[in-house]
$ cat input-v2.cif   # mmCIF, C-alpha atoms
data_protein
loop_
_atom_site.group_PDB
_atom_site.id
_atom_site.type_symbol
_atom_site.label_atom_id
_atom_site.label_comp_id
_atom_site.auth_asym_id
_atom_site.auth_seq_id
_atom_site.Cartn_x
_atom_site.Cartn_y
_atom_site.Cartn_z
ATOM 1 C CA MET C 1 131.877 133.044 84.914
ATOM 2 C CA PRO C 2 129.975 129.738 84.873
ATOM 3 C CA ASP C 3 128.010 128.763 81.775
ATOM 4 C CA LEU C 4 124.391 129.388 82.787
ATOM 5 C CA GLY C 5 122.958 128.272 79.462
ATOM 6 C CA LYS C 6 119.403 129.240 78.523
ATOM 7 C CA TYR C 7 118.584 130.282 82.108
ATOM 8 C CA ALA C 8 121.326 132.939 82.325
ATOM 9 C CA GLU C 9 118.831 135.793 82.334
ATOM 10 C CA ALA C 10 116.782 134.304 85.190
ATOM 11 C CA VAL C 11 119.802 133.505 87.362
ATOM 12 C CA LEU C 12 121.611 136.793 86.774
ATOM 13 C CA SER C 13 118.526 138.948 87.293
ATOM 14 C CA SER C 14 117.811 137.127 90.599
ATOM 15 C CA TYR C 15 121.329 137.878 91.845
ATOM 16 C CA VAL C 16 121.396 141.485 90.621
ATOM 17 C CA LEU C 17 117.972 142.391 92.069
ATOM 18 C CA SER C 18 118.606 140.674 95.420
ATOM 19 C CA ILE C 19 122.058 142.228 95.856
ATOM 20 C CA LEU C 20 120.670 145.674 94.952
ATOM 21 C CA LEU C 21 117.893 145.318 97.538
ATOM 22 C CA VAL C 22 120.288 144.184 100.281
ATOM 23 C CA VAL C 23 122.808 146.955 99.495
ATOM 24 C CA ALA C 24 120.024 149.572 99.485
ATOM 25 C CA LEU C 25 118.714 148.312 102.850
ATOM 26 C CA VAL C 26 122.190 148.407 104.405
ATOM 27 C CA ALA C 27 122.934 151.868 102.962
ATOM 28 C CA VAL C 28 119.634 153.355 104.158
ATOM 29 C CA SER C 29 120.115 151.814 107.641
ATOM 30 C CA ILE C 30 123.673 153.179 108.007
ATOM 31 C CA ARG C 31 122.708 156.628 106.698
ATOM 32 C CA ARG C 32 119.743 156.938 109.055
ATOM 33 C CA ALA C 33 121.846 155.672 112.002
ATOM 34 C CA ARG C 34 124.530 158.324 111.387
ATOM 35 C CA LYS C 35 121.993 161.102 110.872
ATOM 36 C CA MET C 36 120.093 160.236 114.056
ATOM 37 C CA LYS C 37 123.280 159.953 116.141
ATOM 38 C CA ASN C 38 124.439 163.407 115.034
ATOM 39 C CA ALA C 39 121.008 164.964 115.492
ATOM 40 C CA LEU C 40 120.669 163.547 119.026
ATOM 41 C CA GLU C 41 124.155 164.755 119.993
ATOM 42 C CA GLU C 42 123.195 168.241 118.831
ATOM 43 C CA VAL C 43 119.928 168.264 120.797
ATOM 44 C CA GLU C 44 121.712 166.965 123.941
ATOM 45 C CA LYS C 45 124.419 169.615 123.595
ATOM 46 C CA ARG C 46 121.776 172.313 123.183
ATOM 47 C CA GLY C 47 119.921 171.012 126.228
ATOM 48 C CA LYS C 48 123.087 171.129 128.363
ATOM 49 C CA SER C 49 124.037 174.665 127.279
ATOM 50 C CA ASN C 50 120.486 175.880 127.998
ATOM 51 C CA GLY C 51 120.733 174.349 131.465
ATOM 52 C CA MET P 1 126.416 136.508 133.983
ATOM 53 C CA GLY P 2 123.728 139.162 134.294
ATOM 54 C CA SER P 3 120.068 138.758 133.512
ATOM 55 C CA ILE P 4 118.853 139.165 129.913
ATOM 56 C CA TRP P 5 116.541 141.941 131.165
ATOM 57 C CA GLU P 6 119.618 144.163 131.695
ATOM 58 C CA TYR P 7 119.522 144.720 127.929
ATOM 59 C CA ALA P 8 116.094 146.304 128.292
ATOM 60 C CA ASN P 9 118.079 149.315 129.499
ATOM 61 C CA PRO P 10 118.630 151.427 126.345
ATOM 62 C CA LYS P 11 122.140 152.530 127.406
ATOM 63 C CA LYS P 12 123.235 148.977 128.162
ATOM 64 C CA PHE P 13 121.743 147.804 124.837
ATOM 65 C CA ILE P 14 123.627 150.463 122.870
ATOM 66 C CA THR P 15 126.943 149.838 124.666
ATOM 67 C CA THR P 16 126.735 146.068 124.164
ATOM 68 C CA THR P 17 125.582 146.160 120.542
ATOM 69 C CA ASP P 18 128.213 148.809 119.724
ATOM 70 C CA ARG P 19 130.847 146.271 120.790
ATOM 71 C CA LEU P 20 129.215 143.373 118.901
ATOM 72 C CA LEU P 21 128.221 145.182 115.713
ATOM 73 C CA PRO P 22 131.623 145.232 113.929
ATOM 74 C CA TRP P 23 132.117 141.498 114.570
ATOM 75 C CA VAL P 24 128.614 140.457 113.519
ATOM 76 C CA SER P 25 128.803 142.683 110.418
ATOM 77 C CA ALA P 26 132.192 141.272 109.397
ATOM 78 C CA LEU P 27 130.992 137.689 109.899
ATOM 79 C CA ALA P 28 127.807 138.469 107.924
ATOM 80 C CA LEU P 29 129.842 139.843 105.031
ATOM 81 C CA VAL P 30 132.209 136.856 104.986
ATOM 82 C CA ALA P 31 129.371 134.300 105.169
ATOM 83 C CA LEU P 32 127.178 136.093 102.619
ATOM 84 C CA VAL P 33 129.932 136.621 100.055
ATOM 85 C CA GLY P 34 131.360 133.150 100.767
ATOM 86 C CA GLY P 35 128.012 131.358 100.425
ATOM 87 C CA LEU P 36 126.925 133.224 97.298
ATOM 88 C CA VAL P 37 130.301 132.948 95.523
ATOM 89 C CA TRP P 38 130.536 129.245 96.415
ATOM 90 C CA GLY P 39 126.985 128.621 95.232
ATOM 91 C CA PHE P 40 127.179 130.707 92.075
ATOM 92 C CA PHE P 41 130.642 129.784 90.801
ATOM 93 C CA PHE P 42 131.500 126.411 92.280
ATOM 94 C CA THR P 43 128.365 124.257 92.243
ATOM 95 C CA PRO P 44 127.108 122.210 89.277
ATOM 96 C CA ASP P 45 123.768 122.591 87.496
ATOM 97 C CA ASP P 46 120.885 120.437 88.655
ATOM 98 C CA TYR P 47 119.911 117.587 86.309
ATOM 99 C CA LYS P 48 116.278 118.802 86.251
ATOM 100 C CA GLN P 49 116.438 122.539 86.909
ATOM 101 C CA GLY P 50 119.685 123.369 85.116
ATOM 102 C CA SER P 51 121.482 126.517 86.280
ATOM 103 C CA THR P 52 118.305 127.942 87.924
ATOM 104 C CA VAL P 53 119.242 125.861 90.973
ATOM 105 C CA LYS P 54 121.717 128.668 91.793
ATOM 106 C CA ILE P 55 118.733 130.840 92.762
ATOM 107 C CA ILE P 56 118.330 128.578 95.816
ATOM 108 C CA TYR P 57 121.185 130.444 97.603
ATOM 109 C CA LEU P 58 119.074 133.616 97.583
ATOM 110 C CA HIS P 59 115.528 132.285 97.640
ATOM 111 C CA VAL P 60 115.703 129.831 100.563
ATOM 112 C CA PRO P 61 117.688 132.058 102.997
ATOM 113 C CA SER P 62 115.537 135.130 102.258
ATOM 114 C CA ALA P 63 112.293 133.139 102.661
ATOM 115 C CA LEU P 64 113.599 131.666 105.910
ATOM 116 C CA MET P 65 114.467 135.121 107.236
ATOM 117 C CA ALA P 66 111.130 136.574 106.078
ATOM 118 C CA ILE P 67 109.340 134.159 108.429
ATOM 119 C CA ASN P 68 111.897 134.237 111.252
ATOM 120 C CA ALA P 69 112.039 138.048 111.284
ATOM 121 C CA TRP P 70 108.297 138.081 111.938
ATOM 122 C CA MET P 71 108.780 135.472 114.689
ATOM 123 C CA MET P 72 111.454 137.647 116.285
ATOM 124 C CA MET P 73 109.015 140.590 116.088
ATOM 125 C CA LEU P 74 106.363 138.394 117.717
ATOM 126 C CA VAL P 75 108.649 137.567 120.667
ATOM 127 C CA ALA P 76 109.664 141.230 121.031
ATOM 128 C CA SER P 77 106.004 142.316 120.860
ATOM 129 C CA LEU P 78 105.016 139.792 123.526
ATOM 130 C CA ILE P 79 107.821 141.112 125.768
ATOM 131 C CA TRP P 80 106.464 144.631 125.225
ATOM 132 C CA ILE P 81 102.897 143.552 126.044
ATOM 133 C CA VAL P 82 103.911 141.640 129.180
ATOM 134 C CA ARG P 83 106.881 143.614 130.568
ATOM 135 C CA ARG P 84 106.578 147.024 128.857
ATOM 136 C CA HIS P 85 110.285 147.222 127.922
ATOM 137 C CA HIS P 86 110.673 149.959 125.308
ATOM 138 C CA VAL P 87 113.771 148.392 123.748
ATOM 139 C CA SER P 88 111.805 145.273 122.795
ATOM 140 C CA ALA P 89 109.071 147.311 121.063
ATOM 141 C CA LEU P 90 111.735 149.342 119.252
ATOM 142 C CA ALA P 91 113.597 146.161 118.237
ATOM 143 C CA ALA P 92 110.371 144.839 116.664
ATOM 144 C CA ARG P 93 109.962 148.140 114.816
ATOM 145 C CA ALA P 94 113.600 147.990 113.677
ATOM 146 C CA ALA P 95 113.248 144.432 112.355
ATOM 147 C CA ALA P 96 110.169 145.103 110.193
ATOM 148 C CA PRO P 97 111.850 146.782 107.176
ATOM 149 C CA VAL P 98 114.541 144.076 107.180
ATOM 150 C CA GLY P 99 111.864 141.359 107.193
ATOM 151 C CA ALA P 100 109.933 143.174 104.459
ATOM 152 C CA VAL P 101 113.007 143.297 102.197
ATOM 153 C CA MET P 102 113.674 139.591 102.855
ATOM 154 C CA THR P 103 110.062 138.783 101.919
ATOM 155 C CA LEU P 104 110.367 140.891 98.774
ATOM 156 C CA ILE P 105 113.576 139.086 97.762
ATOM 157 C CA ALA P 106 111.862 135.716 98.347
ATOM 158 C CA LEU P 107 108.871 136.783 96.232
ATOM 159 C CA ILE P 108 110.990 138.212 93.388
ATOM 160 C CA THR P 109 113.452 135.316 93.197
ATOM 161 C CA GLY P 110 110.541 132.867 93.500
ATOM 162 C CA ALA P 111 108.753 134.480 90.550
ATOM 163 C CA ILE P 112 111.936 134.561 88.446
ATOM 164 C CA TRP P 113 112.646 130.904 89.317
ATOM 165 C CA GLY P 114 109.025 129.875 88.788
ATOM 166 C CA GLN P 115 108.758 131.257 85.264
ATOM 167 C CA PRO P 116 111.148 128.796 83.556
ATOM 168 C CA MET P 117 110.280 125.873 85.891
ATOM 169 C CA TRP P 118 106.487 126.149 86.194
ATOM 170 C CA GLY P 119 105.818 128.246 83.095
ATOM 171 C CA THR P 120 104.334 131.086 85.134
ATOM 172 C CA TRP P 121 105.608 134.007 87.233
ATOM 173 C CA TRP P 122 102.786 133.685 89.726
ATOM 174 C CA GLU P 123 100.196 131.194 90.863
ATOM 175 C CA TRP P 124 97.659 131.551 93.693
ATOM 176 C CA ASP P 125 99.289 128.610 95.387
ATOM 177 C CA PRO P 126 98.989 128.305 99.236
ATOM 178 C CA ARG P 127 102.635 129.132 99.955
ATOM 179 C CA LEU P 128 102.951 131.951 97.414
ATOM 180 C CA THR P 129 99.692 133.524 98.522
ATOM 181 C CA SER P 130 100.506 133.343 102.248
ATOM 182 C CA PHE P 131 103.911 134.899 101.498
ATOM 183 C CA LEU P 132 102.276 137.768 99.632
ATOM 184 C CA ILE P 133 99.915 138.324 102.587
ATOM 185 C CA LEU P 134 102.913 138.253 104.944
ATOM 186 C CA PHE P 135 104.542 140.989 102.822
ATOM 187 C CA LEU P 136 101.354 143.076 103.054
ATOM 188 C CA PHE P 137 101.394 142.570 106.843
ATOM 189 C CA TYR P 138 104.961 143.928 106.948
ATOM 190 C CA LEU P 139 103.853 147.024 105.010
ATOM 191 C CA GLY P 140 100.824 147.477 107.263
ATOM 192 C CA TYR P 141 102.955 147.066 110.391
ATOM 193 C CA MET P 142 105.421 149.751 109.259
ATOM 194 C CA ALA P 143 102.615 152.080 108.182
ATOM 195 C CA LEU P 144 100.922 151.714 111.582
ATOM 196 C CA TRP P 145 104.124 152.650 113.443
ATOM 197 C CA ALA P 146 104.552 155.688 111.178
ATOM 198 C CA ALA P 147 100.922 156.778 111.522
ATOM 199 C CA ILE P 148 100.721 156.996 115.330
ATOM 200 C CA GLU P 149 102.491 159.809 117.130
ATOM 201 C CA ASP P 150 102.470 158.419 120.653
ATOM 202 C CA ASP P 151 105.200 155.753 120.907
ATOM 203 C CA ASP P 152 103.467 153.621 123.542
ATOM 204 C CA THR P 153 100.149 153.544 121.697
ATOM 205 C CA ALA P 154 101.964 152.683 118.468
ATOM 206 C CA ALA P 155 103.822 149.864 120.254
ATOM 207 C CA ASP P 156 100.542 148.506 121.685
ATOM 208 C CA LEU P 157 98.678 148.506 118.374
ATOM 209 C CA THR P 158 101.558 147.177 116.290
ATOM 210 C CA SER P 159 102.063 144.366 118.833
ATOM 211 C CA ILE P 160 98.465 143.280 118.310
ATOM 212 C CA LEU P 161 98.935 143.455 114.532
ATOM 213 C CA CYS P 162 102.081 141.360 114.925
ATOM 214 C CA LEU P 163 100.151 138.680 116.844
ATOM 215 C CA VAL P 164 97.541 138.516 114.063
ATOM 216 C CA GLY P 165 100.206 138.462 111.313
ATOM 217 C CA SER P 166 101.960 135.539 113.011
ATOM 218 C CA VAL P 167 99.210 133.278 111.688
ATOM 219 C CA PHE P 168 100.337 134.114 108.141
ATOM 220 C CA ALA P 169 104.017 133.795 109.022
ATOM 221 C CA LEU P 170 103.296 130.256 110.248
ATOM 222 C CA LEU P 171 101.030 129.553 107.284
ATOM 223 C CA SER P 172 103.749 130.589 104.839
ATOM 224 C CA ARG P 173 106.063 128.081 106.522
ATOM 225 C CA TYR P 174 103.631 125.175 106.698
ATOM 226 C CA ALA P 175 101.199 125.970 103.850
ATOM 227 C CA VAL P 176 102.606 123.200 101.662
ATOM 228 C CA ASN P 177 102.084 120.624 104.446
ATOM 229 C CA PHE P 178 98.591 121.884 105.387
ATOM 230 C CA TRP P 179 97.076 121.892 101.914
ATOM 231 C CA ASN P 180 99.398 119.474 100.144
ATOM 232 C CA GLN P 181 98.600 121.135 96.808
ATOM 233 C CA GLY P 182 99.895 123.922 94.581
ATOM 234 C CA LEU P 183 103.073 124.302 92.590
ATOM 235 C CA HIS P 184 105.550 124.984 95.389
ATOM 236 C CA GLN P 185 107.475 121.953 96.615
ATOM 237 C CA GLY P 186 108.091 121.083 100.270
ATOM 238 C CA ALA P 187 111.008 122.280 102.402
ATOM 239 C CA SER P 188 114.434 122.277 100.720
ATOM 240 C CA LEU P 189 116.117 121.543 104.036
ATOM 241 C CA SER P 190 114.972 118.418 105.801
ATOM 242 C CA MET P 191 116.234 115.919 108.370
ATOM 243 C CA ASP P 192 115.100 113.268 105.888
ATOM 244 C CA LYS P 193 118.087 112.515 103.637
ATOM 245 C CA GLU P 194 115.756 111.648 100.744
ATOM 246 C CA GLU P 195 113.957 115.000 100.903
ATOM 247 C CA ASN P 196 116.988 117.192 101.616
ATOM 248 C CA VAL P 197 118.857 118.883 98.760
ATOM 249 C CA ALA P 198 122.018 117.063 97.600
ATOM 250 C CA ASP P 199 125.191 117.713 99.633
ATOM 251 C CA VAL P 200 126.829 119.629 96.769
ATOM 252 C CA PHE P 201 124.089 122.298 97.085
ATOM 253 C CA TYR P 202 123.478 121.839 100.810
ATOM 254 C CA TYR P 203 126.784 123.154 102.247
ATOM 255 C CA PRO P 204 126.951 126.440 100.283
ATOM 256 C CA LEU P 205 123.262 126.878 101.105
ATOM 257 C CA LEU P 206 124.026 126.546 104.828
ATOM 258 C CA VAL P 207 126.783 129.189 104.550
ATOM 259 C CA SER P 208 124.423 131.500 102.678
ATOM 260 C CA ILE P 209 121.701 130.997 105.322
ATOM 261 C CA ALA P 210 124.251 131.829 108.046
ATOM 262 C CA GLY P 211 125.104 135.013 106.112
ATOM 263 C CA PHE P 212 121.462 136.085 105.919
ATOM 264 C CA ILE P 213 120.920 135.365 109.644
ATOM 265 C CA LEU P 214 124.016 137.385 110.624
ATOM 266 C CA LEU P 215 123.017 140.213 108.276
ATOM 267 C CA PHE P 216 119.599 140.301 109.934
ATOM 268 C CA ILE P 217 121.151 140.424 113.431
ATOM 269 C CA ALA P 218 123.586 143.199 112.429
ATOM 270 C CA LEU P 219 120.837 145.289 110.846
ATOM 271 C CA VAL P 220 118.472 144.808 113.801
ATOM 272 C CA PHE P 221 121.241 145.896 116.224
ATOM 273 C CA LEU P 222 121.991 149.012 114.150
ATOM 274 C CA ARG P 223 118.355 149.919 113.475
ATOM 275 C CA THR P 224 117.316 149.352 117.117
ATOM 276 C CA GLN P 225 120.067 151.747 118.221
ATOM 277 C CA THR P 226 118.654 154.278 115.745
ATOM 278 C CA GLU P 227 115.099 153.793 117.058
ATOM 279 C CA ILE P 228 116.305 154.226 120.665
ATOM 280 C CA ARG P 229 118.047 157.482 119.710
ATOM 281 C CA ALA P 230 115.031 158.689 117.734
ATOM 282 C CA ARG P 231 112.778 158.037 120.741
ATOM 283 C CA ARG P 232 115.146 159.905 123.074
ATOM 284 C CA MET P 233 115.310 162.810 120.652
ATOM 285 C CA ARG P 234 111.519 163.043 120.459
ATOM 286 C CA ALA P 235 111.391 163.114 124.271
ATOM 287 C CA LEU P 236 114.086 165.848 124.498
ATOM 288 C CA LEU P 237 112.394 167.977 121.831
ATOM 289 C CA ALA P 238 109.054 167.629 123.619
ATOM 290 C CA ARG P 239 110.747 168.763 126.870
ATOM 291 C CA GLU P 240 112.270 171.777 125.052
ATOM 292 C CA ARG P 241 108.830 172.775 123.772
ATOM 293 C CA MET P 242 107.392 172.604 127.312
ATOM 294 C CA LYS P 243 109.933 175.138 128.620
#
$ encode --input "input-v2.cif" --output "structure tokens"
Amino acid sequence: MPDLGKYAEAVLSSYVLSILLVVALVAVSIRRARKMKNALEEVEKRGKSNG
Amino acid sequence: MGSIWEYANPKKFITTTDRLLPWVSALALVALVGGLVWGFFFTPDDYKQGSTVKIIYLHVPSALMAINAWMMMLVASLIWIVRRHHVSALAARAAAPVGAVMTLIALITGAIWGQPMWGTWWEWDPRLTSFLILFLFYLGYMALWAAIEDDDTAADLTSILCLVGSVFALLSRYAVNFWNQGLHQGASLSMDKEENVADVFYYPLLVSIAGFILLFIALVFLRTQTEIRARRMRALLARERMK
């Protein structure tokens, strides 16, 4: 860990907040993508079986 | 090589991006982690700004992507207006939350960096203010998409909003040059060797910027696929209700 001196709080909070935001964005995007893919497959299957 | 308009076909877009997505995501991860680790652990403190200079590896790439995401949305919106390709309208919709998060990161890291350097978290400086307005435009753009049920009407209205918001995206980039006042300094990256950041900060910054660009591309691919599927599902459900 580098010595961040008197600005440690500023530097660390910038990194923590930014990484949290990016991880949350990626997680939400992947979750929604999976959910939508499954939901569409189900609707398409239903449509085929109903003719 | 086929025409670029082939990718306006939703199936072709999904097949192609499905193939590209793992590679772009892996490259994004390598560049992001590489750039941030290099910048955080292996660069010295600045003689004026001390260790706060390490915030540059988050602040500059996120600010750059905040503006460029809106520019990408502008191009996609223009394609929608002129050629009526649904994939382009959906790609603009998919990019908005990514751009909004980038703008938020730029605003947060800017405030945290500004406090010890300028003695204040916020100042109604031209660049800071235009960035805040850009963030509000992102929120308005997403709200407008969510508020309108008909996809084509939503795409039309959000495209117009995107054209208007482009003024602020450009202002946030050039505000410092236009007004030549305020606390925020000029561009960190410049062709002018005197103005550009020192090499020791420059190279990790470039890697970090590449990481943010690749992350944006990967997320837009994934989210556009989701929007295409959501649109198809709405159409199928509407057809079911008609039966």
$ resolve_selection --input "input-v2.cif" --expression "the PyMOL selection byres ((chain P) within 6 of (chain C))" --output "PyMOL selection string"
chain P and resi 41+51-52+105+109+112+226+233
$ axis_aligned_box --input "input-v2.cif" --around "region 12-20 of chain P" --padding-each-side "4 Å" --output "lines of an AutoDock Vina configuration file"
center_x = 126.3
center_y = 146.9
center_z = 123.5
size_x = 17.1
size_y = 15.1
size_z = 17.3
$ atom_distance --input "input-v2.cif" --atom1 "CA of Glu227 (chain P)" --atom2 "CA of Ala94 (chain P)"
6.9 Å
$ atom_distance --input "input-v2.cif" --atom1 "CA of His86 (chain P)" --atom2 "CA of Leu74 (chain P)"
14.5 Å
$ residues_near_point --input "input-v2.cif" --point "(99.4, 135.9, 118.1)" --cutoff "12 Å" --atoms "only C-alpha atoms" --output "VMD selection string"
chain P and resid 70 to 71 73 to 78 81 158 to 170
$ resolve_selection --input "input-v2.cif" --expression "the PyMOL selection byres ((chain P and resi 46) around 12)" --output "ChimeraX atom specification"
/C:4 /P:43-45,47-56,197-198,200-201
$ write_last_selection --input "input-v2.cif" --atoms "C-alpha atoms" --output "tab-separated table (two decimals), in the frame of the given file"
chain	number	residue	atom	x	y	z
C	4	LEU	CA	124.39	129.39	82.79
P	43	THR	CA	128.36	124.26	92.24
P	44	PRO	CA	127.11	122.21	89.28
P	45	ASP	CA	123.77	122.59	87.50
P	47	TYR	CA	119.91	117.59	86.31
P	48	LYS	CA	116.28	118.80	86.25
P	49	GLN	CA	116.44	122.54	86.91
P	50	GLY	CA	119.68	123.37	85.12
P	51	SER	CA	121.48	126.52	86.28
P	52	THR	CA	118.30	127.94	87.92
P	53	VAL	CA	119.24	125.86	90.97
P	54	LYS	CA	121.72	128.67	91.79
P	55	ILE	CA	118.73	130.84	92.76
P	56	ILE	CA	118.33	128.58	95.82
P	197	VAL	CA	118.86	118.88	98.76
P	198	ALA	CA	122.02	117.06	97.60
P	200	VAL	CA	126.83	119.63	96.77
P	201	PHE	CA	124.09	122.30	97.08
